[in-house]
Every structure is written in C-alpha cells, then in structure tokens.
$ cat upload.txt   # compact mmCIF, C-alpha atoms
# COMPACT_ATOMS: atom_id res chain seq x y z
CA MET A 298 6.95 16.59 26.76
CA SER A 299 3.41 15.61 25.77
CA PHE A 300 1.99 14.99 22.30
CA GLN A 301 -1.18 13.75 20.60
CA ALA A 302 -1.81 10.27 19.21
CA ILE A 303 -4.66 8.09 18.01
CA VAL A 304 -4.93 5.04 20.28
CA LEU A 305 -6.83 1.78 19.81
CA GLU A 306 -8.09 0.27 23.06
CA LYS A 307 -10.13 -2.89 23.43
CA ASN A 308 -12.99 -3.10 25.92
CA ASN A 309 -14.51 -6.57 25.88
CA ASP A 310 -15.16 -7.11 22.14
CA GLN A 311 -15.28 -3.42 21.27
CA VAL A 312 -12.29 -1.53 19.84
CA ASP A 313 -12.39 2.16 20.74
CA ILE A 314 -10.53 4.73 18.65
CA THR A 315 -9.60 7.80 20.69
CA LYS A 316 -7.21 10.72 20.53
CA LYS A 317 -4.99 10.81 23.62
CA GLU A 318 -2.19 12.83 25.10
CA LEU A 319 0.98 10.78 25.61
CA SER A 320 4.60 11.37 26.58
CA LEU A 321 7.84 10.08 25.09
CA ASP A 322 8.05 7.58 27.95
CA ASP A 323 4.91 5.92 26.61
CA LEU A 324 6.60 5.01 23.33
CA LEU A 325 8.03 1.54 22.72
CA GLU A 326 11.74 0.75 22.41
CA GLY A 327 13.80 1.69 19.36
CA GLU A 328 16.98 3.49 18.40
CA VAL A 329 15.36 6.29 16.40
CA THR A 330 12.74 8.77 17.62
CA ILE A 331 10.93 10.67 14.87
CA ARG A 332 8.81 13.81 14.94
CA VAL A 333 6.09 12.65 12.57
CA ALA A 334 4.94 15.05 9.87
CA TYR A 335 2.62 12.85 7.81
CA SER A 336 1.14 9.37 7.83
CA SER A 337 -1.41 7.71 5.55
CA VAL A 338 -4.42 5.39 5.57
CA ASN A 339 -4.18 1.87 4.17
CA TYR A 340 -6.58 -1.06 4.06
CA LYS A 341 -4.48 -2.67 6.79
CA ASP A 342 -5.02 0.37 9.02
CA GLY A 343 -8.76 -0.02 8.55
CA LEU A 344 -8.57 -3.68 9.49
CA ALA A 345 -6.59 -2.81 12.63
CA ALA A 346 -9.46 -0.62 13.84
CA GLN A 347 -12.11 -3.33 13.49
CA ASN A 348 -13.68 -5.00 16.51
CA LYS A 349 -12.73 -8.48 15.33
CA SER A 350 -9.32 -7.52 14.03
CA SER A 351 -6.71 -10.21 13.51
CA ILE A 352 -4.15 -7.54 12.63
CA VAL A 353 -3.64 -6.17 16.15
CA THR A 354 -3.13 -8.62 19.01
CA ASN A 355 -1.85 -6.28 21.73
CA TYR A 356 -3.67 -3.24 23.10
CA PRO A 357 -3.39 -0.33 23.52
CA MET A 358 -1.98 0.25 20.03
CA ILE A 359 -1.18 3.34 17.99
CA PRO A 360 -2.10 2.40 14.40
CA GLY A 361 -0.60 3.75 11.19
CA ILE A 362 1.66 1.52 9.08
CA ASP A 363 3.35 4.51 7.38
CA LEU A 364 5.07 7.66 8.57
CA SER A 365 7.44 10.39 7.43
CA GLY A 366 9.19 13.00 9.53
CA THR A 367 12.36 14.31 11.13
CA VAL A 368 14.68 12.43 13.48
CA SER A 369 14.53 14.08 16.91
CA HIS A 370 16.85 11.60 18.66
CA SER A 371 18.98 8.67 17.55
CA SER A 372 21.28 6.21 19.29
CA SER A 373 22.11 4.65 15.91
CA PRO A 374 25.20 5.80 13.98
CA ASP A 375 23.15 5.55 10.77
CA PHE A 376 20.84 8.46 11.65
CA GLN A 377 21.37 11.90 13.16
CA GLU A 378 19.05 14.48 14.67
CA GLY A 379 17.49 16.47 11.85
CA ASP A 380 17.60 13.67 9.26
CA GLU A 381 14.49 13.44 7.08
CA VAL A 382 13.21 9.88 6.99
CA LEU A 383 10.27 7.59 6.32
CA VAL A 384 9.11 4.25 7.69
CA THR A 385 6.72 1.76 6.10
CA GLY A 386 5.94 -1.87 6.80
CA TYR A 387 7.62 -4.16 9.31
CA LYS A 388 5.54 -4.23 12.51
CA LEU A 389 4.68 -0.52 12.46
CA GLY A 390 1.10 0.12 13.54
CA VAL A 391 0.44 -3.58 14.08
CA SER A 392 2.51 -4.76 17.03
CA HIS A 393 4.68 -1.63 17.36
CA PHE A 394 3.29 1.88 17.86
CA GLY A 395 2.72 3.46 14.46
CA GLY A 396 2.38 6.69 12.55
CA TYR A 397 -0.85 8.20 13.93
CA SER A 398 1.18 9.99 16.56
CA GLU A 399 3.13 13.23 16.70
CA TYR A 400 6.17 11.22 17.79
CA ALA A 401 7.24 7.66 17.00
CA ARG A 402 10.17 5.52 18.15
CA VAL A 403 11.29 2.63 15.93
CA PRO A 404 14.23 0.26 15.35
CA ALA A 405 16.91 1.82 13.15
CA GLU A 406 16.74 -0.98 10.58
CA TRP A 407 13.17 0.06 9.71
CA VAL A 408 14.14 3.61 8.81
CA VAL A 409 14.68 4.75 5.20
CA PRO A 410 16.32 8.11 4.38
CA LEU A 411 13.82 10.33 2.58
CA PRO A 412 14.96 10.26 -1.08
CA GLU A 413 15.92 13.52 -2.71
CA GLY A 414 12.97 14.76 -4.72
CA LEU A 415 10.29 13.69 -2.24
CA THR A 416 8.72 15.82 0.50
CA PHE A 417 7.19 14.32 3.65
CA LYS A 418 3.77 14.73 2.05
CA ASP A 419 4.92 13.18 -1.24
CA ALA A 420 6.27 10.14 0.60
CA MET A 421 2.92 9.49 2.24
CA LEU A 422 0.98 10.08 -0.98
CA TYR A 423 2.84 6.94 -2.02
CA GLY A 424 3.25 5.22 1.37
CA THR A 425 2.82 1.46 1.64
CA ALA A 426 0.31 1.47 -1.23
CA GLY A 427 2.68 3.30 -3.57
CA PHE A 428 5.61 1.19 -2.42
CA THR A 429 3.58 -1.96 -3.13
CA ALA A 430 2.60 -0.69 -6.57
CA ALA A 431 6.20 0.28 -7.35
CA LEU A 432 7.52 -3.07 -6.16
CA SER A 433 4.92 -4.80 -8.36
CA VAL A 434 6.04 -2.82 -11.41
CA HIS A 435 9.70 -3.47 -10.55
CA ARG A 436 9.14 -7.23 -10.33
CA LEU A 437 7.20 -7.31 -13.62
CA GLN A 438 10.09 -5.52 -15.31
CA GLU A 439 12.57 -7.97 -13.78
CA HIS A 440 10.56 -10.71 -15.50
CA GLY A 441 10.81 -9.08 -18.90
CA ILE A 442 7.52 -7.16 -19.13
CA THR A 443 8.06 -4.07 -21.26
CA PRO A 444 5.62 -1.63 -22.91
CA GLU A 445 6.11 -3.64 -26.10
CA SER A 446 4.93 -6.84 -24.37
CA GLY A 447 1.30 -5.74 -24.47
CA SER A 448 -1.37 -4.36 -22.17
CA VAL A 449 -1.09 -4.67 -18.39
CA ILE A 450 -4.27 -5.07 -16.35
CA VAL A 451 -4.58 -3.49 -12.90
CA THR A 452 -7.37 -4.78 -10.65
CA GLY A 453 -8.93 -2.80 -7.81
CA ALA A 454 -7.83 0.18 -9.84
CA THR A 455 -9.42 2.95 -7.75
CA GLY A 456 -7.80 1.72 -4.52
CA GLY A 457 -4.49 2.83 -3.08
CA VAL A 458 -2.29 0.21 -4.76
CA GLY A 459 -4.35 0.07 -7.93
CA SER A 460 -4.47 3.79 -8.63
CA GLN A 461 -0.73 4.14 -8.01
CA ALA A 462 0.01 1.20 -10.33
CA VAL A 463 -2.16 2.66 -13.10
CA ALA A 464 -0.33 5.99 -12.88
CA MET A 465 3.17 4.46 -12.67
CA LEU A 466 2.68 2.03 -15.55
CA SER A 467 1.12 4.70 -17.75
CA ASN A 468 3.96 7.08 -16.91
CA LEU A 469 6.45 4.41 -18.09
CA GLY A 470 4.66 4.03 -21.42
CA TYR A 471 2.60 0.90 -20.79
CA ARG A 472 -0.92 0.48 -22.10
CA VAL A 473 -3.02 -0.03 -18.97
CA THR A 474 -6.37 -1.77 -18.60
CA ALA A 475 -8.04 -0.73 -15.32
CA SER A 476 -10.57 -2.99 -13.64
CA THR A 477 -13.09 -1.43 -11.26
CA GLY A 478 -16.63 -1.85 -9.99
CA LYS A 479 -17.10 1.91 -9.72
CA GLU A 480 -18.55 3.27 -12.95
CA SER A 481 -18.50 6.80 -11.51
CA GLU A 482 -14.69 6.71 -11.36
CA HIS A 483 -13.96 5.99 -15.02
CA SER A 484 -12.91 9.59 -15.71
CA TYR A 485 -10.61 9.49 -12.67
CA LEU A 486 -8.90 6.38 -14.02
CA LYS A 487 -8.53 7.97 -17.43
CA GLU A 488 -6.85 10.96 -15.80
CA LEU A 489 -4.39 8.59 -14.13
CA GLY A 490 -3.50 7.14 -17.51
CA ALA A 491 -5.74 4.11 -18.05
CA SER A 492 -6.28 3.35 -21.75
CA ASP A 493 -9.06 0.82 -21.21
CA ILE A 494 -11.52 0.25 -18.36
CA ILE A 495 -13.47 -2.94 -17.69
CA ASP A 496 -15.91 -3.93 -14.98
CA ARG A 497 -14.50 -6.04 -12.18
CA ASP A 498 -17.17 -8.68 -12.84
CA GLU A 499 -15.42 -9.38 -16.15
CA VAL A 500 -12.28 -10.56 -14.34
CA VAL A 501 -13.81 -13.00 -11.88
CA LYS A 502 -13.62 -16.70 -12.59
CA LYS A 503 -17.12 -18.17 -12.81
CA ASP A 504 -16.45 -21.72 -14.03
CA ASN A 505 -13.82 -24.47 -13.88
CA ARG A 506 -12.10 -23.89 -17.22
CA PRO A 507 -8.33 -24.09 -16.66
CA LEU A 508 -7.51 -21.59 -19.45
CA TYR A 509 -9.19 -18.62 -21.11
CA SER A 510 -8.18 -16.54 -24.13
CA GLN A 511 -4.85 -14.80 -23.67
CA ARG A 512 -5.69 -11.13 -23.05
CA TRP A 513 -2.93 -9.32 -21.15
CA ALA A 514 0.85 -9.43 -20.97
CA ALA A 515 0.84 -8.98 -17.20
CA ALA A 516 -1.25 -7.99 -14.21
CA VAL A 517 -0.94 -6.02 -10.99
CA ASP A 518 -3.45 -7.61 -8.62
CA PRO A 519 -4.17 -6.26 -5.11
CA VAL A 520 -7.47 -8.21 -5.05
CA GLY A 521 -6.71 -11.95 -5.01
CA GLY A 522 -9.44 -14.60 -4.71
CA LYS A 523 -11.46 -15.43 -7.83
CA THR A 524 -10.00 -12.40 -9.59
CA LEU A 525 -6.53 -13.89 -9.30
CA GLU A 526 -7.90 -17.23 -10.52
CA PHE A 527 -9.20 -15.52 -13.67
CA LEU A 528 -5.98 -13.59 -14.27
CA LEU A 529 -3.83 -16.70 -14.04
CA SER A 530 -5.97 -18.27 -16.78
CA SER A 531 -5.94 -15.18 -19.03
CA ILE A 532 -2.35 -13.92 -19.06
CA GLN A 533 -0.42 -14.23 -22.32
CA TYR A 534 2.33 -16.78 -22.83
CA GLY A 535 5.38 -15.92 -20.69
CA GLY A 536 3.52 -13.21 -18.80
CA SER A 537 3.43 -12.48 -15.08
CA VAL A 538 0.94 -11.65 -12.35
CA ALA A 539 2.13 -9.59 -9.36
CA VAL A 540 -0.25 -10.26 -6.47
CA SER A 541 -0.21 -8.14 -3.32
CA GLY A 542 -3.66 -8.18 -1.75
CA LEU A 543 -6.63 -10.15 -0.52
CA THR A 544 -9.63 -7.84 -0.65
CA GLY A 545 -11.30 -10.37 -2.94
CA GLY A 546 -10.52 -13.32 -0.71
CA THR A 547 -7.61 -15.50 0.36
CA ASP A 548 -8.56 -18.77 -1.36
CA VAL A 549 -7.24 -19.28 -4.88
CA HIS A 550 -8.25 -22.38 -6.86
CA THR A 551 -6.27 -22.94 -10.04
CA THR A 552 -4.53 -25.65 -12.05
CA VAL A 553 -0.99 -26.19 -13.29
CA HIS A 554 -2.08 -25.48 -16.88
CA PRO A 555 -1.25 -21.72 -16.99
CA PHE A 556 2.20 -22.47 -15.63
CA ILE A 557 3.19 -25.49 -17.72
CA LEU A 558 1.35 -24.62 -20.97
CA ARG A 559 1.87 -20.85 -21.02
CA GLY A 560 4.94 -20.46 -18.81
CA ILE A 561 3.45 -17.67 -16.72
CA ASN A 562 4.90 -16.39 -13.45
CA LEU A 563 3.02 -15.74 -10.21
CA LEU A 564 4.96 -13.06 -8.32
CA GLY A 565 4.29 -12.55 -4.62
CA ILE A 566 4.69 -8.91 -3.55
CA ASP A 567 5.61 -8.45 0.11
CA SER A 568 5.87 -4.83 1.19
CA VAL A 569 6.12 -5.64 4.92
CA PHE A 570 9.44 -7.43 5.28
CA CYS A 571 10.97 -6.49 1.94
CA PRO A 572 14.79 -6.49 2.47
CA ALA A 573 16.37 -3.10 3.09
CA PRO A 574 18.52 -3.02 -0.11
CA VAL A 575 15.46 -3.66 -2.30
CA ARG A 576 13.34 -1.30 -0.18
CA ASN A 577 15.84 1.54 -0.66
CA THR A 578 16.02 0.85 -4.41
CA ILE A 579 12.26 1.01 -4.75
CA TRP A 580 12.03 4.30 -2.85
CA GLU A 581 14.74 5.77 -5.07
CA ARG A 582 12.69 4.73 -8.10
CA ILE A 583 9.57 6.30 -6.59
CA ALA A 584 11.52 9.56 -6.35
CA THR A 585 12.74 9.29 -9.97
CA ASP A 586 11.37 7.23 -12.88
CA LEU A 587 8.26 6.01 -11.04
CA LYS A 588 7.33 9.44 -9.71
CA THR A 589 3.92 10.56 -10.93
CA GLU A 590 3.66 14.23 -9.97
CA HIS A 591 0.71 14.98 -12.25
CA ALA A 592 -1.29 12.10 -10.72
CA ALA A 593 -0.40 12.55 -7.05
CA ASP A 594 -2.69 15.52 -6.50
CA LYS A 595 -5.59 13.66 -8.10
CA MET A 596 -5.08 10.72 -5.75
CA GLY A 597 -4.58 12.52 -2.46
CA GLN A 598 -7.11 13.45 0.21
CA GLU A 599 -5.62 15.08 3.31
CA VAL A 600 -7.16 14.59 6.76
CA THR A 601 -6.23 15.28 10.39
CA LEU A 602 -5.94 12.96 13.38
CA ASP A 603 -9.41 14.06 14.50
CA GLU A 604 -10.97 12.78 11.27
CA LEU A 605 -9.31 9.36 11.38
CA PRO A 606 -11.96 7.25 13.17
CA ASP A 607 -14.54 7.73 10.40
CA ILE A 608 -11.91 7.44 7.67
CA LEU A 609 -10.63 4.11 9.04
CA ARG A 610 -14.12 2.62 8.98
CA ALA A 611 -14.70 3.82 5.42
CA THR A 612 -11.44 2.19 4.34
CA VAL A 613 -12.65 -1.33 5.11
CA GLU A 614 -16.03 -0.61 3.52
CA GLY A 615 -14.24 0.30 0.29
CA ASN A 616 -15.53 3.88 0.20
CA ASN A 617 -12.16 5.64 -0.11
CA LYS A 618 -10.69 6.59 -3.49
CA GLY A 619 -6.97 6.82 -4.16
CA ARG A 620 -4.81 7.82 -1.20
CA VAL A 621 -5.78 9.34 2.14
CA ILE A 622 -2.88 11.08 3.86
CA VAL A 623 -2.82 12.25 7.47
CA LYS A 624 -1.27 15.57 8.46
CA VAL A 625 -0.10 14.60 11.93
CA GLN A 626 1.47 17.74 13.36

$ encode --input "upload.txt" --output "structure tokens"
Amino acid sequence: MSFQAIVLEKNNDQVDITKKELSLDDLLEGEVTIRVAYSSVNYKDGLAAQNKSSIVTNYPMIPGIDLSGTVSHSSSPDFQEGDEVLVTGYKLGVSHFGGYSEYARVPAEWVVPLPEGLTFKDAMLYGTAGFTAALSVHRLQEHGITPESGSVIVTGATGGVGSQAVAMLSNLGYRVTASTGKESEHSYLKELGASDIIDRDEVVKKDNRPLYSQRWAAAVDPVGGKTLEFLLSSIQYGGSVAVSGLTGGTDVHTTVHPFILRGINLLGIDSVFCPAPVRNTIWERIATDLKTEHAADKMGQEVTLDELPDILRATVEGNNKGRVIVKVQ
C-alpha cells in the first residue's frame, strides 16, 4: 500500500522539502502504526526544514512533531486497531519519522489515547504548543499561582504557545498581560482574553540592574533570552516564571537576587520527554478545564501537505499567527 508524505532530503548544504509516495515498509520501527488524520506546524518543525538545521541529523526525514489519527495496526497490548490516539514530542519528526505522512509507525510508549471531548482536529489545534502552554499553566498552579495572586504575563503572545496560554489562563479567570511586537494583532489577543497588552520591547532587559519593580505574579515565557532576564527581575515576591522556549535567545544573564530576595521560582517546561503519567494528565485537562472552544477557531489555520514547504519557512521567520494545523489525509 502506498501513501503520501512530506520528506526532507539533504543535498550538499541544501535541504529539499518534497512530497513523495512511500510504502509501509519505508516506515521506521515501532509497535503502533497510525493512519494520520491531522498534524500541526510548530517552530521546531520550521527549524527542521532549515538548511543549517541542528534539529535533524539523519536524512531522509519525515518532519512533524505532532500527529493524531486511528491505530491501523498494533503489536502492543495497550492499543488496538481502531483506537483514536495522538502523539506529540519524544523524537517524532526529529530522529523518527513524524506526522507529515498519511501513515506513521511509533513506539507504543509515545502514544496517548485521544481524550474524550477532543476530535483529531481539536488535538492538533492544541498539539505540542497547546500541551506546552497547558503544562506551563499546570506548573504555575502547582506553585500556588491563582487568579487572586495577580496578573500573569505571557510573552510571544501571538505565537503557538503564547496564544494558547493567553486563552487558557483567561478561561480559568486569570488577568492576563500579553506581550507582543505585533501591533496589528492587539484585537486578536483581546479576543483570546488578554486584559492588557504591552510591547515586547518593554520586557527586554536593557541594563544590569538585578531587580526591577514587582509587576506580575507569574509569567509564561516561550521566548527566553533577555526577555527571561527581565521577567526574573520583575516578578512579584513568591511568584514563578514558566520558561519553554528560546526564540529570543539561549543565553540568560541574571543574578541570585530575584531568588534569594523575592523567593521566585524558575520552572523549566519540557514538552518533549515529559513523563507519561503527567502527559496523560495534561491532555485530560486540555479536554476539560483547559479547553478553550471559543478561542480554538480564532487560532487555527488549516493547510494541506502541498502547502507545507512555504508554511514551514514562514514559521521560522515569525510570520505565522496562532496555530497552523495540517489536514493530512
């Protein structure tokens, strides 16, 4: 049986993105074969398609770090033919063939049963970005951040993680400050639930002061770099910063002062190798109290496999808004 997939191939220093016809024999090893219904586009997928990518080391590669679909074959007792499932994270689309394919084969331990209340399309409207946002919110709540604690700032607010975090926090009753460099998207952020909007230049550290005025109870930060430096110096006493990204850079220069004088917490959010029990809990929350039905349609742009090459390039350039989902079949 043949099927269609997007394949990355490297010729000298050039990465080519092409749609190819493959067979099940071309897939890598795994206990569960899935007929993919939907995938999505993440910043990591865009990086994988770059000529000088450090994300993908082995070619050819089928990208796509998310997928949802129906089990077509399983040698694992945990899954049966016909089960509705999703897969995000692990090595999917990086060193193991991913979701931009009509069929995928993966290890059983990567597979999550599709929670009741989510469709295949819903699951990919959230995807890794939504999972990361939900895990960030979950960790903030574990560290005592409630709506009564004060405003929560979300950086990179028009991106996949940021927009989901704005909607989830607002839906839970938090006052949300959204940080963005896109003035044209202020109305979009208001629709998602942001109470306040500030320019991203206001949350970038520009000097060596160890502490600034205490402004927010907590932060969801998919940006990193100098933005994270500023947040650490501006969070209220006992607050927390959940960091999950590096679009603003990987280097973070700070001091011990926010930690020992204000008792703040820096929470690392790892969506890739998050343990299965926590992963399942977060997906159940996405299907229940963190579900944002009114916002999902505003965030989603649906594309086909044929449109992916241009979309992947736009992702790294920062030109996408919200979530881009891929109708695979």

$ atom_distance --input "upload.txt" --atom1 "atom CA of A:Val434" --atom2 "atom CA of A:Gly390"
25.6 Å

$ closest_residue --input "upload.txt" --among "A:Asn308, A:Thr416, A:Tyr356, A:Arg620" --to "A:Ala454" --atoms "all atoms listed in the file"
A:Arg620

$ closest_residue --input "upload.txt" --among "A:Thr443, A:Ser492, A:Thr330, A:Ser537" --to "A:Ser467" --atoms "only C-alpha atoms"
A:Ser492

$ atom_distance --input "upload.txt" --atom1 "atom CA of A:Pro412" --atom2 "atom CA of A:Ile583"
8.7 Å

$ axis_aligned_box --input "upload.txt" --around "stretch 526-544 of chain A" --padding-each-side "5 Å" --output "lines of an AutoDock Vina configuration file"
center_x = -2.1
center_y = -13.1
center_z = -11.7
size_x = 25.0
size_y = 20.4
size_z = 32.3

$ closest_residue --input "upload.txt" --among "A:Val338, A:Val403, A:Leu437, A:Val613" --to "A:Ser350" --atoms "only C-alpha atoms"
A:Val613

$ closest_residue --input "upload.txt" --among "A:Pro357, A:Val391, A:Arg402, A:Val520" --to "A:His370" --atoms "all atoms listed in the file"
A:Arg402

$ closest_residue --input "upload.txt" --among "A:Ile303, A:Leu558, A:Ile494, A:Val408" --to "A:Thr601" --atoms "all atoms listed in the file"
A:Ile303

$ build_atoms --input "upload.txt" --residues "stretch 303-329 of chain A" --atoms "N, CA, C and O atoms" --output "compact mmCIF listing (two decimals), keeping the file's coordinate frame"
# COMPACT_ATOMS: atom_id res chain seq x y z
N ILE A 303 -3.45 8.90 18.11
CA ILE A 303 -4.66 8.09 18.01
C ILE A 303 -4.35 6.72 18.62
O ILE A 303 -3.37 6.07 18.24
N VAL A 304 -5.19 6.28 19.55
CA VAL A 304 -4.93 5.04 20.28
C VAL A 304 -6.12 4.09 20.13
O VAL A 304 -7.27 4.50 20.29
N LEU A 305 -5.81 2.84 19.82
CA LEU A 305 -6.83 1.78 19.81
C LEU A 305 -6.81 1.08 21.16
O LEU A 305 -5.75 0.65 21.63
N GLU A 306 -7.97 1.00 21.79
CA GLU A 306 -8.09 0.27 23.06
C GLU A 306 -9.26 -0.70 22.95
O GLU A 306 -10.29 -0.37 22.36
N LYS A 307 -9.09 -1.87 23.52
CA LYS A 307 -10.13 -2.89 23.43
C LYS A 307 -10.83 -3.05 24.77
O LYS A 307 -10.20 -3.31 25.80
N ASN A 308 -12.15 -2.88 24.75
CA ASN A 308 -12.99 -3.10 25.92
C ASN A 308 -13.97 -4.21 25.60
O ASN A 308 -14.88 -4.02 24.80
N ASN A 309 -13.77 -5.37 26.23
CA ASN A 309 -14.51 -6.57 25.88
C ASN A 309 -14.28 -6.87 24.40
O ASN A 309 -13.17 -7.08 23.99
N ASP A 310 -15.33 -6.85 23.57
CA ASP A 310 -15.16 -7.11 22.14
C ASP A 310 -15.19 -5.84 21.30
O ASP A 310 -15.23 -5.90 20.08
N GLN A 311 -15.17 -4.70 21.97
CA GLN A 311 -15.28 -3.42 21.27
C GLN A 311 -13.91 -2.73 21.20
O GLN A 311 -13.22 -2.60 22.22
N VAL A 312 -13.52 -2.31 20.00
CA VAL A 312 -12.29 -1.53 19.84
C VAL A 312 -12.66 -0.05 19.77
O VAL A 312 -13.42 0.36 18.89
N ASP A 313 -12.14 0.72 20.70
CA ASP A 313 -12.39 2.16 20.74
C ASP A 313 -11.22 2.89 20.10
O ASP A 313 -10.05 2.56 20.34
N ILE A 314 -11.55 3.90 19.30
CA ILE A 314 -10.53 4.73 18.65
C ILE A 314 -10.60 6.12 19.26
O ILE A 314 -11.59 6.83 19.07
N THR A 315 -9.57 6.51 20.00
CA THR A 315 -9.60 7.80 20.69
C THR A 315 -8.30 8.56 20.48
O THR A 315 -7.25 7.96 20.23
N LYS A 316 -8.39 9.87 20.58
CA LYS A 316 -7.21 10.72 20.53
C LYS A 316 -6.76 10.98 21.96
O LYS A 316 -7.56 11.43 22.79
N LYS A 317 -5.49 10.70 22.25
CA LYS A 317 -4.99 10.81 23.62
C LYS A 317 -3.71 11.64 23.67
O LYS A 317 -3.00 11.79 22.67
N GLU A 318 -3.44 12.13 24.86
CA GLU A 318 -2.19 12.83 25.10
C GLU A 318 -1.21 11.86 25.74
O GLU A 318 -1.51 11.25 26.76
N LEU A 319 -0.04 11.71 25.12
CA LEU A 319 0.98 10.78 25.61
C LEU A 319 2.28 11.53 25.84
O LEU A 319 2.41 12.70 25.50
N SER A 320 3.25 10.82 26.41
CA SER A 320 4.60 11.37 26.58
C SER A 320 5.60 10.44 25.90
O SER A 320 5.27 9.29 25.56
N LEU A 321 6.81 10.89 25.74
CA LEU A 321 7.84 10.08 25.09
C LEU A 321 8.08 8.78 25.86
O LEU A 321 8.45 7.76 25.26
N ASP A 322 7.86 8.80 27.16
CA ASP A 322 8.05 7.58 27.95
C ASP A 322 7.04 6.50 27.60
O ASP A 322 7.25 5.32 27.91
N ASP A 323 5.93 6.90 26.98
CA ASP A 323 4.91 5.92 26.61
C ASP A 323 5.28 5.13 25.35
O ASP A 323 4.69 4.09 25.08
N LEU A 324 6.24 5.65 24.58
CA LEU A 324 6.60 5.01 23.33
C LEU A 324 7.37 3.71 23.59
O LEU A 324 8.02 3.55 24.62
N LEU A 325 7.32 2.81 22.61
CA LEU A 325 8.03 1.54 22.72
C LEU A 325 9.51 1.72 22.39
O LEU A 325 9.95 2.78 21.95
N GLU A 326 10.29 0.66 22.59
CA GLU A 326 11.74 0.75 22.41
C GLU A 326 12.11 0.89 20.93
O GLU A 326 11.41 0.44 20.04
N GLY A 327 13.26 1.50 20.70
CA GLY A 327 13.80 1.69 19.36
C GLY A 327 14.93 2.68 19.41
O GLY A 327 15.05 3.47 20.34
N GLU A 328 15.80 2.62 18.41
CA GLU A 328 16.98 3.49 18.40
C GLU A 328 16.70 4.88 17.84
O GLU A 328 17.48 5.80 18.07
N VAL A 329 15.60 5.02 17.09
CA VAL A 329 15.36 6.29 16.40
C VAL A 329 13.98 6.84 16.79
O VAL A 329 12.97 6.17 16.64
